[in-house]
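Below is final-v5.pdb, which holds PDB, C-alpha atoms.
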```pdb
MODEL        1
ATOM      1  CA  MET W 156    -117.813 -80.286-105.059
ATOM      2  CA  LYS W 157    -114.244 -81.442-105.501
ATOM      3  CA  THR W 158    -114.395 -83.024-108.931
ATOM      4  CA  LEU W 159    -112.369 -85.012-111.431
ATOM      5  CA  VAL W 160    -113.195 -84.934-115.141
ATOM      6  CA  THR W 161    -111.669 -87.674-117.310
ATOM      7  CA  GLY W 162    -111.114 -86.574-120.891
ATOM      8  CA  ALA W 163    -111.096 -82.971-119.683
ATOM      9  CA  ASN W 164    -109.531 -81.638-122.890
ATOM     10  CA  GLY W 165    -112.180 -83.157-125.183
ATOM     11  CA  PHE W 166    -115.296 -81.556-126.627
ATOM     12  CA  THR W 167    -117.738 -82.517-123.862
ATOM     13  CA  GLY W 168    -115.096 -82.654-121.137
ATOM     14  CA  SER W 169    -113.847 -79.103-121.735
ATOM     15  CA  HIS W 170    -117.378 -77.687-121.652
ATOM     16  CA  LEU W 171    -118.003 -79.591-118.419
ATOM     17  CA  VAL W 172    -114.802 -78.224-116.869
ATOM     18  CA  LYS W 173    -115.824 -74.645-117.699
ATOM     19  CA  ALA W 174    -119.359 -75.134-116.352
ATOM     20  CA  LEU W 175    -118.047 -76.628-113.099
ATOM     21  CA  LYS W 176    -115.567 -73.775-112.638
ATOM     22  CA  LYS W 177    -118.289 -71.205-113.334
ATOM     23  CA  LYS W 178    -120.372 -72.758-110.553
ATOM     24  CA  GLY W 179    -117.464 -72.513-108.130
ATOM     25  CA  HIS W 180    -116.465 -76.174-107.943
ATOM     26  CA  THR W 181    -112.882 -77.412-107.624
ATOM     27  CA  VAL W 182    -111.829 -79.232-110.781
ATOM     28  CA  LYS W 183    -109.069 -81.683-111.614
ATOM     29  CA  GLY W 184    -108.701 -82.822-115.206
ATOM     30  CA  LEU W 185    -107.207 -86.104-116.350
ATOM     31  CA  VAL W 186    -105.449 -85.687-119.705
ATOM     32  CA  ARG W 187    -102.813 -87.591-121.619
ATOM     33  CA  LYS W 188     -99.352 -86.089-122.079
ATOM     34  CA  SER W 189     -99.955 -86.082-125.840
ATOM     35  CA  SER W 190    -103.348 -84.342-125.536
ATOM     36  CA  ASN W 191    -104.153 -81.093-127.311
ATOM     37  CA  LEU W 192    -105.011 -78.717-124.462
ATOM     38  CA  SER W 193    -106.234 -75.806-126.591
ATOM     39  CA  ARG W 194    -109.814 -76.255-125.379
ATOM     40  CA  LEU W 195    -108.601 -75.655-121.809
ATOM     41  CA  THR W 196    -106.846 -72.357-122.509
ATOM     42  CA  ASN W 197    -107.350 -69.958-119.589
ATOM     43  CA  CYS W 198    -109.029 -72.693-117.498
ATOM     44  CA  ASN W 199    -107.611 -72.582-113.994
ATOM     45  CA  ILE W 200    -107.734 -76.277-113.127
ATOM     46  CA  GLU W 201    -105.308 -78.860-111.820
ATOM     47  CA  LEU W 202    -104.175 -81.142-114.616
ATOM     48  CA  VAL W 203    -103.186 -84.727-113.906
ATOM     49  CA  TYR W 204    -101.326 -86.387-116.760
ATOM     50  CA  GLY W 205    -102.189 -89.999-117.391
ATOM     51  CA  ASP W 206    -104.507 -92.422-119.075
ATOM     52  CA  ILE W 207    -107.679 -94.146-117.875
ATOM     53  CA  THR W 208    -106.051 -97.434-118.800
ATOM     54  CA  ASP W 209    -103.399 -96.736-116.111
ATOM     55  CA  PRO W 210    -104.771 -97.449-112.601
ATOM     56  CA  GLN W 211    -101.885 -95.634-110.905
ATOM     57  CA  ALA W 212    -102.605 -92.432-112.831
ATOM     58  CA  LEU W 213    -106.258 -92.776-111.898
ATOM     59  CA  GLU W 214    -105.425 -93.212-108.214
ATOM     60  CA  LYS W 215    -103.462 -89.969-108.302
ATOM     61  CA  ALA W 216    -106.247 -88.191-110.168
ATOM     62  CA  ILE W 217    -109.075 -89.385-107.904
ATOM     63  CA  ALA W 218    -107.216 -88.632-104.658
ATOM     64  CA  ASN W 219    -109.017 -85.953-102.611
ATOM     65  CA  VAL W 220    -112.065 -85.633-104.902
ATOM     66  CA  ASP W 221    -115.632 -86.506-104.006
ATOM     67  CA  THR W 222    -117.237 -86.574-107.469
ATOM     68  CA  VAL W 223    -115.944 -88.187-110.661
ATOM     69  CA  PHE W 224    -117.257 -87.325-114.120
ATOM     70  CA  HIS W 225    -116.127 -90.078-116.479
ATOM     71  CA  VAL W 226    -116.268 -88.559-119.960
ATOM     72  CA  ALA W 227    -113.155 -89.954-121.687
ATOM     73  CA  ALA W 228    -113.907 -92.303-124.588
ATOM     74  CA  TYR W 229    -112.737 -93.378-128.023
ATOM     75  CA  VAL W 230    -115.554 -92.145-130.283
ATOM     76  CA  GLU W 231    -115.410 -93.067-133.974
ATOM     77  CA  LEU W 232    -117.219 -95.039-136.669
ATOM     78  CA  GLY W 233    -115.901 -96.810-139.734
ATOM     79  CA  LEU W 234    -112.459 -98.369-139.964
ATOM     80  CA  VAL W 235    -111.212 -98.043-136.388
ATOM     81  CA  ASN W 236    -108.625 -99.730-134.187
ATOM     82  CA  GLU W 237    -111.096-102.021-132.429
ATOM     83  CA  GLY W 238    -108.531-103.290-129.926
ATOM     84  CA  GLU W 239    -107.615 -99.771-128.859
ATOM     85  CA  MET W 240    -111.291 -98.803-128.660
ATOM     86  CA  GLU W 241    -111.962-101.753-126.352
ATOM     87  CA  ARG W 242    -108.910-100.876-124.245
ATOM     88  CA  VAL W 243    -110.137 -97.298-123.736
ATOM     89  CA  ASN W 244    -113.909 -97.687-123.593
ATOM     90  CA  VAL W 245    -114.189-100.985-121.723
ATOM     91  CA  GLN W 246    -110.978-101.567-119.761
ATOM     92  CA  GLY W 247    -110.542 -97.850-119.118
ATOM     93  CA  THR W 248    -114.054 -97.619-117.702
ATOM     94  CA  ARG W 249    -113.440-100.695-115.544
ATOM     95  CA  ASN W 250    -110.333 -99.011-114.133
ATOM     96  CA  VAL W 251    -112.223 -95.798-113.360
ATOM     97  CA  LEU W 252    -114.942 -97.764-111.573
ATOM     98  CA  GLU W 253    -112.504 -99.847-109.534
ATOM     99  CA  VAL W 254    -110.398 -96.885-108.431
ATOM    100  CA  ALA W 255    -113.478 -94.768-107.662
ATOM    101  CA  LYS W 256    -114.926 -97.588-105.563
ATOM    102  CA  ALA W 257    -111.678 -98.016-103.642
ATOM    103  CA  ALA W 258    -111.545 -94.247-103.023
ATOM    104  CA  ASN W 259    -115.090 -94.303-101.647
ATOM    105  CA  ILE W 260    -116.207 -91.338-103.752
ATOM    106  CA  SER W 261    -119.653 -89.846-103.147
ATOM    107  CA  LYS W 262    -120.849 -89.890-106.796
ATOM    108  CA  LEU W 263    -119.677 -91.022-110.212
ATOM    109  CA  VAL W 264    -121.401 -89.616-113.288
ATOM    110  CA  TYR W 265    -120.768 -91.669-116.423
ATOM    111  CA  CYS W 266    -121.274 -90.152-119.870
ATOM    112  CA  SER W 267    -122.782 -93.027-121.840
ATOM    113  CA  THR W 268    -124.854 -92.833-125.054
ATOM    114  CA  ILE W 269    -128.373 -93.605-126.261
ATOM    115  CA  GLY W 270    -126.621 -96.025-128.609
ATOM    116  CA  VAL W 271    -126.479 -98.639-125.833
ATOM    117  CA  TYR W 272    -130.212 -99.207-126.356
ATOM    118  CA  GLY W 273    -129.494-100.466-129.870
ATOM    119  CA  ASP W 274    -131.630 -99.945-132.948
ATOM    120  CA  THR W 275    -135.170 -99.104-131.774
ATOM    121  CA  LYS W 276    -136.406 -99.246-135.404
ATOM    122  CA  GLY W 277    -137.980 -95.828-135.074
ATOM    123  CA  LYS W 278    -139.834 -96.559-131.839
ATOM    124  CA  THR W 279    -139.471 -93.807-129.220
ATOM    125  CA  ILE W 280    -138.146 -95.368-126.031
ATOM    126  CA  ASP W 281    -137.268 -94.350-122.479
ATOM    127  CA  GLU W 282    -134.836 -95.653-119.860
ATOM    128  CA  THR W 283    -136.945 -98.770-119.183
ATOM    129  CA  PHE W 284    -136.310-100.095-122.700
ATOM    130  CA  GLN W 285    -134.409-103.366-122.931
ATOM    131  CA  ARG W 286    -132.077-103.650-125.906
ATOM    132  CA  GLN W 287    -133.593-105.896-128.589
ATOM    133  CA  GLN W 288    -130.879-105.669-131.232
ATOM    134  CA  GLN W 289    -128.923-108.907-130.915
ATOM    135  CA  ASN W 290    -125.769-107.869-132.757
ATOM    136  CA  PHE W 291    -123.793-104.626-132.708
ATOM    137  CA  SER W 292    -123.696-101.950-135.383
ATOM    138  CA  SER W 293    -120.074-100.993-134.757
ATOM    139  CA  ALA W 294    -117.118-101.430-132.447
ATOM    140  CA  TYR W 295    -118.196 -98.204-130.757
ATOM    141  CA  ASP W 296    -121.700 -99.603-130.239
ATOM    142  CA  ARG W 297    -120.281-102.778-128.705
ATOM    143  CA  THR W 298    -117.661-101.207-126.474
ATOM    144  CA  LYS W 299    -119.989 -98.547-125.061
ATOM    145  CA  TYR W 300    -122.610-101.234-124.365
ATOM    146  CA  GLU W 301    -120.041-103.368-122.533
ATOM    147  CA  ALA W 302    -118.847-100.328-120.571
ATOM    148  CA  GLN W 303    -122.432 -99.553-119.582
ATOM    149  CA  GLN W 304    -122.869-103.106-118.346
ATOM    150  CA  LEU W 305    -119.847-102.585-116.093
ATOM    151  CA  VAL W 306    -121.217 -99.306-114.727
ATOM    152  CA  ASP W 307    -124.566-100.958-113.965
ATOM    153  CA  LYS W 308    -122.820-103.886-112.260
ATOM    154  CA  PHE W 309    -120.740-101.630-110.018
ATOM    155  CA  ALA W 310    -123.831 -99.572-109.186
ATOM    156  CA  GLN W 311    -125.644-102.734-108.113
ATOM    157  CA  GLU W 312    -122.678-103.542-105.874
ATOM    158  CA  GLY W 313    -122.922-100.182-104.114
ATOM    159  CA  LEU W 314    -120.913 -97.671-106.166
ATOM    160  CA  PRO W 315    -123.009 -94.448-106.327
ATOM    161  CA  ALA W 316    -122.871 -94.264-110.114
ATOM    162  CA  VAL W 317    -125.337 -92.429-112.351
ATOM    163  CA  SER W 318    -125.414 -92.827-116.146
ATOM    164  CA  ILE W 319    -126.171 -89.977-118.531
ATOM    165  CA  MET W 320    -127.297 -91.136-121.992
ATOM    166  CA  PRO W 321    -126.918 -88.274-124.497
ATOM    167  CA  SER W 322    -128.160 -88.257-128.062
ATOM    168  CA  GLY W 323    -126.090 -86.423-130.702
ATOM    169  CA  ILE W 324    -124.009 -83.768-128.944
ATOM    170  CA  PHE W 325    -123.937 -80.472-130.847
ATOM    171  CA  GLY W 326    -121.958 -77.263-130.410
ATOM    172  CA  ALA W 327    -120.032 -74.762-132.486
ATOM    173  CA  ASP W 328    -116.821 -76.645-131.659
ATOM    174  CA  ASP W 329    -118.355 -80.104-132.116
ATOM    175  CA  PRO W 330    -115.695 -82.184-133.912
ATOM    176  CA  HIS W 331    -118.251 -84.378-135.676
ATOM    177  CA  PHE W 332    -121.163 -82.329-137.047
ATOM    178  CA  GLY W 333    -119.613 -78.925-136.347
ATOM    179  CA  PRO W 334    -117.520 -78.913-139.554
ATOM    180  CA  ILE W 335    -120.664 -79.780-141.539
ATOM    181  CA  ILE W 336    -122.492 -76.773-140.087
ATOM    182  CA  GLN W 337    -119.458 -74.619-140.894
ATOM    183  CA  LEU W 338    -119.525 -75.717-144.538
ATOM    184  CA  PHE W 339    -123.289 -75.253-144.725
ATOM    185  CA  GLY W 340    -123.085 -71.787-143.179
ATOM    186  CA  GLN W 341    -120.492 -70.806-145.785
ATOM    187  CA  ASP W 342    -122.783 -72.139-148.527
ATOM    188  CA  LYS W 343    -120.145 -74.721-149.461
ATOM    189  CA  LEU W 344    -122.135 -77.867-148.605
ATOM    190  CA  LYS W 345    -123.707 -78.654-151.962
ATOM    191  CA  PHE W 346    -124.439 -82.360-151.450
ATOM    192  CA  TRP W 347    -125.613 -84.478-148.519
ATOM    193  CA  VAL W 348    -126.689 -88.049-147.811
ATOM    194  CA  GLY W 349    -129.553 -89.555-145.819
ATOM    195  CA  GLY W 350    -131.959 -86.637-145.527
ATOM    196  CA  ASP W 351    -134.519 -88.911-143.847
ATOM    197  CA  ARG W 352    -132.099 -90.014-141.137
ATOM    198  CA  ILE W 353    -133.536 -89.168-137.729
ATOM    199  CA  THR W 354    -131.049 -87.597-135.351
ATOM    200  CA  GLY W 355    -131.559 -86.794-131.681
ATOM    201  CA  ILE W 356    -129.613 -83.706-130.628
ATOM    202  CA  VAL W 357    -128.632 -81.851-127.469
ATOM    203  CA  HIS W 358    -126.526 -78.735-127.055
ATOM    204  CA  VAL W 359    -123.260 -79.582-125.295
ATOM    205  CA  GLU W 360    -123.907 -76.902-122.673
ATOM    206  CA  ASP W 361    -127.293 -78.455-121.880
ATOM    207  CA  LEU W 362    -125.640 -81.874-121.643
ATOM    208  CA  VAL W 363    -123.041 -80.730-119.124
ATOM    209  CA  GLU W 364    -125.751 -79.001-117.093
ATOM    210  CA  ALA W 365    -127.568 -82.359-116.944
ATOM    211  CA  MET W 366    -124.359 -84.053-115.797
ATOM    212  CA  ILE W 367    -123.893 -81.539-112.971
ATOM    213  CA  LEU W 368    -127.538 -81.962-111.946
ATOM    214  CA  ALA W 369    -127.024 -85.742-111.967
ATOM    215  CA  ALA W 370    -124.107 -85.359-109.554
ATOM    216  CA  THR W 371    -126.374 -83.760-106.955
ATOM    217  CA  LYS W 372    -129.857 -85.064-107.766
ATOM    218  CA  GLY W 373    -129.319 -88.275-109.719
ATOM    219  CA  LYS W 374    -130.223 -91.532-108.019
ATOM    220  CA  PRO W 375    -127.418 -94.126-107.908
ATOM    221  CA  GLY W 376    -127.881 -96.822-110.514
ATOM    222  CA  GLU W 377    -130.252 -94.722-112.625
ATOM    223  CA  HIS W 378    -130.004 -93.885-116.330
ATOM    224  CA  TYR W 379    -131.055 -90.452-117.618
ATOM    225  CA  ILE W 380    -131.610 -89.926-121.347
ATOM    226  CA  ILE W 381    -130.472 -86.455-122.414
ATOM    227  CA  SER W 382    -131.972 -85.136-125.648
ATOM    228  CA  ALA W 383    -133.753 -81.961-126.726
ATOM    229  CA  GLY W 384    -135.680 -84.037-129.274
ATOM    230  CA  ASP W 385    -135.107 -85.523-132.683
ATOM    231  CA  LEU W 386    -135.558 -84.515-136.305
ATOM    232  CA  THR W 387    -134.415 -85.581-139.745
ATOM    233  CA  THR W 388    -131.247 -84.112-141.181
ATOM    234  CA  ARG W 389    -133.398 -82.588-143.917
ATOM    235  CA  GLU W 390    -135.436 -80.780-141.248
ATOM    236  CA  MET W 391    -132.207 -79.733-139.549
ATOM    237  CA  PHE W 392    -130.846 -78.107-142.699
ATOM    238  CA  ALA W 393    -134.213 -76.430-143.264
ATOM    239  CA  ILE W 394    -134.039 -74.786-139.820
ATOM    240  CA  LEU W 395    -130.397 -73.792-140.281
ATOM    241  CA  GLY W 396    -131.007 -72.494-143.784
ATOM    242  CA  LYS W 397    -134.067 -70.472-142.812
ATOM    243  CA  ASN W 398    -132.007 -68.438-140.367
ATOM    244  CA  ILE W 399    -129.137 -67.665-142.736
ATOM    245  CA  HIS W 400    -131.030 -67.844-146.055
ATOM    246  CA  ILE W 401    -129.142 -70.788-147.525
ATOM    247  CA  SER W 402    -130.771 -73.567-149.545
ATOM    248  CA  GLN W 403    -130.568 -77.194-148.472
ATOM    249  CA  PRO W 404    -127.865 -79.330-150.085
ATOM    250  CA  VAL W 405    -128.840 -81.716-152.856
ATOM    251  CA  GLU W 406    -129.356 -85.261-151.603
ATOM    252  CA  VAL W 407    -127.229 -87.977-153.213
ATOM    253  CA  PRO W 408    -129.338 -91.038-154.183
ATOM    254  CA  GLN W 409    -129.080 -93.871-151.686
ATOM    255  CA  PRO W 410    -127.862 -96.536-154.173
ATOM    256  CA  LEU W 411    -124.893 -94.348-155.108
ATOM    257  CA  VAL W 412    -124.031 -93.794-151.449
ATOM    258  CA  ARG W 413    -124.084 -97.538-150.765
ATOM    259  CA  ILE W 414    -121.827 -98.214-153.755
ATOM    260  CA  ALA W 415    -119.453 -95.448-152.644
ATOM    261  CA  GLY W 416    -119.365 -96.915-149.129
ATOM    262  CA  ASN W 417    -118.296-100.305-150.456
ATOM    263  CA  ILE W 418    -115.614 -98.858-152.730
ATOM    264  CA  LEU W 419    -114.190 -96.408-150.197
ATOM    265  CA  GLU W 420    -114.069 -99.045-147.468
ATOM    266  CA  GLY W 421    -111.913-101.232-149.703
ATOM    267  CA  ILE W 422    -109.585 -98.314-150.400
ATOM    268  CA  GLY W 423    -109.517 -97.449-146.696
ATOM    269  CA  LYS W 424    -108.469-100.949-145.710
ATOM    270  CA  LEU W 425    -105.761-100.928-148.358
ATOM    271  CA  PHE W 426    -104.248 -97.620-147.225
ATOM    272  CA  SER W 427    -105.117 -97.692-143.474
ATOM    273  CA  TRP W 428    -107.495 -94.756-143.955
ATOM    274  CA  ASN W 429    -110.904 -94.178-142.374
ATOM    275  CA  PRO W 430    -113.026 -92.835-145.256
ATOM    276  CA  PRO W 431    -115.937 -90.393-144.759
ATOM    277  CA  ILE W 432    -118.308 -93.047-146.147
ATOM    278  CA  SER W 433    -117.956 -96.763-145.370
ATOM    279  CA  ARG W 434    -120.337 -99.697-144.982
ATOM    280  CA  GLU W 435    -120.613 -99.018-141.254
ATOM    281  CA  ARG W 436    -121.417 -95.343-141.743
ATOM    282  CA  VAL W 437    -123.943 -96.208-144.448
ATOM    283  CA  HIS W 438    -125.614 -98.575-141.989
ATOM    284  CA  TYR W 439    -125.956 -95.751-139.452
ATOM    285  CA  ILE W 440    -127.342 -93.397-142.092
ATOM    286  CA  TYR W 441    -129.988 -95.653-143.640
ATOM    287  CA  ASP W 442    -130.552 -98.794-141.572
ATOM    288  CA  ARG W 443    -130.468 -97.799-137.891
ATOM    289  CA  CYS W 444    -132.878 -95.511-136.036
ATOM    290  CA  VAL W 445    -132.803 -94.738-132.296
ATOM    291  CA  ARG W 446    -135.506 -92.401-130.934
ATOM    292  CA  VAL W 447    -135.708 -91.400-127.280
ATOM    293  CA  ASN W 448    -137.844 -89.629-124.689
ATOM    294  CA  ALA W 449    -135.924 -87.470-122.192
ATOM    295  CA  SER W 450    -138.828 -86.621-119.863
ATOM    296  CA  LYS W 451    -137.265 -88.498-116.917
ATOM    297  CA  ALA W 452    -134.328 -86.085-116.762
ATOM    298  CA  ARG W 453    -136.685 -83.123-116.859
ATOM    299  CA  ARG W 454    -138.848 -84.632-114.136
ATOM    300  CA  GLU W 455    -136.232 -86.024-111.730
ATOM    301  CA  LEU W 456    -133.254 -83.741-112.322
ATOM    302  CA  GLY W 457    -135.124 -80.529-113.105
ATOM    303  CA  TRP W 458    -133.266 -80.381-116.443
ATOM    304  CA  GLN W 459    -134.480 -77.629-118.774
ATOM    305  CA  PRO W 460    -132.760 -77.779-122.169
ATOM    306  CA  ARG W 461    -133.215 -75.325-125.003
ATOM    307  CA  SER W 462    -135.522 -76.440-127.826
ATOM    308  CA  LEU W 463    -134.335 -78.067-131.045
ATOM    309  CA  GLU W 464    -134.652 -74.806-132.967
ATOM    310  CA  GLU W 465    -132.941 -72.808-130.218
ATOM    311  CA  THR W 466    -130.104 -75.343-130.177
ATOM    312  CA  LEU W 467    -129.473 -74.916-133.901
ATOM    313  CA  GLN W 468    -129.903 -71.124-133.791
ATOM    314  CA  ASP W 469    -127.424 -70.857-130.930
ATOM    315  CA  ILE W 470    -124.847 -72.929-132.801
ATOM    316  CA  LEU W 471    -125.156 -70.610-135.805
ATOM    317  CA  GLN W 472    -124.714 -67.623-133.524
ATOM    318  CA  GLU W 473    -121.715 -69.204-131.766
ATOM    319  CA  SER W 474    -120.253 -69.864-135.219
ATOM    320  CA  ASN W 475    -120.677 -66.146-136.111
ATOM    321  CA  PHE W 476    -123.069 -66.757-138.994
ATOM    322  CA  TYR W 477    -125.406 -64.017-137.742
TER
ENDMDL
END
```
Can you dump the structure from the file as structure tokens?
Amino acid sequence: MKTLVTGANGFTGSHLVKALKKKGHTVKGLVRKSSNLSRLTNCNIELVYGDITDPQALEKAIANVDTVFHVAAYVELGLVNEGEMERVNVQGTRNVLEVAKAANISKLVYCSTIGVYGDTKGKTIDETFQRQQQNFSSAYDRTKYEAQQLVDKFAQEGLPAVSIMPSGIFGADDPHFGPIIQLFGQDKLKFWVGGDRITGIVHVEDLVEAMILAATKGKPGEHYIISAGDLTTREMFAILGKNIHISQPVEVPQPLVRIAGNILEGIGKLFSWNPPISRERVHYIYDRCVRVNASKARRELGWQPRSLEETLQDILQESNFY
């Protein structure tokens, strides 16, 4: 395949680039001029500098490719720049779809999220589930849902687009939960919140394998949930701790966390700072639960991810904890 990866320098994008190169595919990467390219060190790919909000840059990037992997996104919770998030996640996706359609590409694989299904209230759902949550939990929730609606619309109009819906993406270099695992592995994580929070996880390398499978086997217009399974964060720390003989962190009582979220959000707004705990993050920890079944990807794509325990063990090993 002759491929383009948007957001090639990011966490998922860089792993996808490396997997594509390893399989012998030609890879172009779309990155911004201000991007940190350290994740692409020693990657022999053609870099195109630009932004998904710039159609001209996209036209240059998509020229002479047959498969587009759209991975670029603004991913954040809490006090975010909602206008910028909409510009990147919604308008940027619209631009990618329009340019890809005009270029008559053979397949577009869109990296979405299980979050578009909304709060399932603990019910395990598959790709046939229709979102029941009427509002949105965050700007990220809203903008990714709107972007998914665009992808589905273009697919109905003939664009050969496939949507991959990952749960929490884990890896040693994961910018979100990775630092938490680092602290835990060093026995420096003494406190935690929301031990009962259910989290679906998938190793980033398993995710990118699913994306490559979707490019060749995925049916246009289809959604494929990508998750190795789900577990509570308490269970996650138990598995991690068992392997490196470290005790679980002490759980902070929920009322204190909610109070802290309210206080820190006020401080964050005052000083233009996105605090580690805010009302939105508290909502995700205690009030929202999305559970998914990824059997369709296994059945139709032949996807074979590592187990939950293997995922966590591998991250510890990649992080040099044993």
Tell me which protein, DNA and RNA residues are within 12 Å of region 185-202 of chain W, counting all atoms listed in the file, leaving out same-chain ones fewer than 6 positions away, and put them as JSON, numbers by chain. {"W": [157, 158, 159, 160, 161, 162, 163, 164, 165, 166, 167, 168, 169, 170, 171, 172, 173, 174, 175, 176, 177, 179, 208, 209, 212, 213, 214, 215, 216, 217, 218, 220, 223, 224, 225, 226, 227, 228, 251, 328, 329, 330]}
Using the chain letters and residue numbers of this document, give as a ChimeraX atom specification the residues selected by the PyMOL selection byres ((chain W and resi 455) around 12). /W:365,368-369,371-374,377-380,449-454,456-459
Using all atoms listed in the file, the best pick from W:Leu344, W:Phe325, W:Glu239, W:Tyr439 as closest to Val363 (chain W) would be W:Phe325
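Closest to Asn429 (chain W) among W:Val405, W:Ile381, W:Ile207, W:Leu232 is W:Leu232, based on only C-alpha atoms.
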Run the PyMOL selection byres ((chain W and resi 342) around 12) on the file and write out the hits as a list in words.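 Applied to this file, the PyMOL selection byres ((chain W and resi 342) around 12) selects Ile335, Ile336, Gln337, Leu338, Phe339, Gly340, Gln341, Lys343, Leu344, Lys345, Phe346, Phe392, Leu395, Gly396, Ile399, His400, Ile401, Ser402, Gln403, Pro404 and Phe476 of chain W.
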Please write the residues from the selection above to a file, keeping C-alpha atoms, as a tab-separated table (two decimals), keeping the file's coordinate frame.
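And here is the file that came out, part.tsv:
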```tsv
chain	number	residue	atom	x	y	z
W	335	ILE	CA	-120.66	-79.78	-141.54
W	336	ILE	CA	-122.49	-76.77	-140.09
W	337	GLN	CA	-119.46	-74.62	-140.89
W	338	LEU	CA	-119.52	-75.72	-144.54
W	339	PHE	CA	-123.29	-75.25	-144.72
W	340	GLY	CA	-123.08	-71.79	-143.18
W	341	GLN	CA	-120.49	-70.81	-145.78
W	343	LYS	CA	-120.14	-74.72	-149.46
W	344	LEU	CA	-122.14	-77.87	-148.60
W	345	LYS	CA	-123.71	-78.65	-151.96
W	346	PHE	CA	-124.44	-82.36	-151.45
W	392	PHE	CA	-130.85	-78.11	-142.70
W	395	LEU	CA	-130.40	-73.79	-140.28
W	396	GLY	CA	-131.01	-72.49	-143.78
W	399	ILE	CA	-129.14	-67.67	-142.74
W	400	HIS	CA	-131.03	-67.84	-146.06
W	401	ILE	CA	-129.14	-70.79	-147.52
W	402	SER	CA	-130.77	-73.57	-149.54
W	403	GLN	CA	-130.57	-77.19	-148.47
W	404	PRO	CA	-127.86	-79.33	-150.08
W	476	PHE	CA	-123.07	-66.76	-138.99
```
Just how far from CA of Asp442 (chain W) is CA of Glu241 (chain W), in Å to one decimal?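 Taking CA of Glu241 (chain W) and CA of Asp442 (chain W), their separation equals 24.2 Å.
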Expansion of the PyMOL selection byres ((chain W and resi 433) around 9) into residues, as a list in words: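 Checked against the file, the PyMOL selection byres ((chain W and resi 433) around 9) matches Leu232, Gly233, Leu234, Arg413, Ala415, Gly416, Asn417, Ile418, Leu419, Glu420, Gly421, Gly423, Asn429, Pro430, Pro431, Ile432, Arg434, Glu435, Arg436, Val437 and His438 of chain W.
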Keeping only C-alpha atoms, take the residues you just selected and write them out as a PDB file, in the frame of the given file.
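Done, and the output landed in out17.pdb:
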```
ATOM      1  CA  LEU W 232    -117.219 -95.039-136.669  1.00  0.00           C
ATOM      2  CA  GLY W 233    -115.901 -96.810-139.734  1.00  0.00           C
ATOM      3  CA  LEU W 234    -112.459 -98.369-139.964  1.00  0.00           C
ATOM      4  CA  ARG W 413    -124.084 -97.538-150.765  1.00  0.00           C
ATOM      5  CA  ALA W 415    -119.453 -95.448-152.644  1.00  0.00           C
ATOM      6  CA  GLY W 416    -119.365 -96.915-149.129  1.00  0.00           C
ATOM      7  CA  ASN W 417    -118.296-100.305-150.456  1.00  0.00           C
ATOM      8  CA  ILE W 418    -115.614 -98.858-152.730  1.00  0.00           C
ATOM      9  CA  LEU W 419    -114.190 -96.408-150.197  1.00  0.00           C
ATOM     10  CA  GLU W 420    -114.069 -99.045-147.468  1.00  0.00           C
ATOM     11  CA  GLY W 421    -111.913-101.232-149.703  1.00  0.00           C
ATOM     12  CA  GLY W 423    -109.517 -97.449-146.696  1.00  0.00           C
ATOM     13  CA  ASN W 429    -110.904 -94.178-142.374  1.00  0.00           C
ATOM     14  CA  PRO W 430    -113.026 -92.835-145.256  1.00  0.00           C
ATOM     15  CA  PRO W 431    -115.937 -90.393-144.759  1.00  0.00           C
ATOM     16  CA  ILE W 432    -118.308 -93.047-146.147  1.00  0.00           C
ATOM     17  CA  ARG W 434    -120.337 -99.697-144.982  1.00  0.00           C
ATOM     18  CA  GLU W 435    -120.613 -99.018-141.254  1.00  0.00           C
ATOM     19  CA  ARG W 436    -121.417 -95.343-141.743  1.00  0.00           C
ATOM     20  CA  VAL W 437    -123.943 -96.208-144.448  1.00  0.00           C
ATOM     21  CA  HIS W 438    -125.614 -98.575-141.989  1.00  0.00           C
TER      22      HIS W 438
END
```
Shortest contact to Ala393 (chain W), candidates W:Gly323, W:Phe426, W:Gln468, W:Arg297, atoms counted all atoms listed in the file, goes to W:Gln468
Place a sphere of radius 12 Å on (-110.6, -99.7, -119.6) in the file coordinates and name every protein, DNA or RNA residue with an atom inside or on its surface, counting all atoms listed in the file; give the answer as a PyMOL selection string. chain W and resi 206-210+213+225+227-229+238-254+298-299+301-303+305-306
Protein and nucleic acid residues near (-127.0, -88.9, -147.8) (cut-off 8 Å, all atoms listed in the file) as a PyMOL selection string: chain W and resi 346-350+406-409+412+440
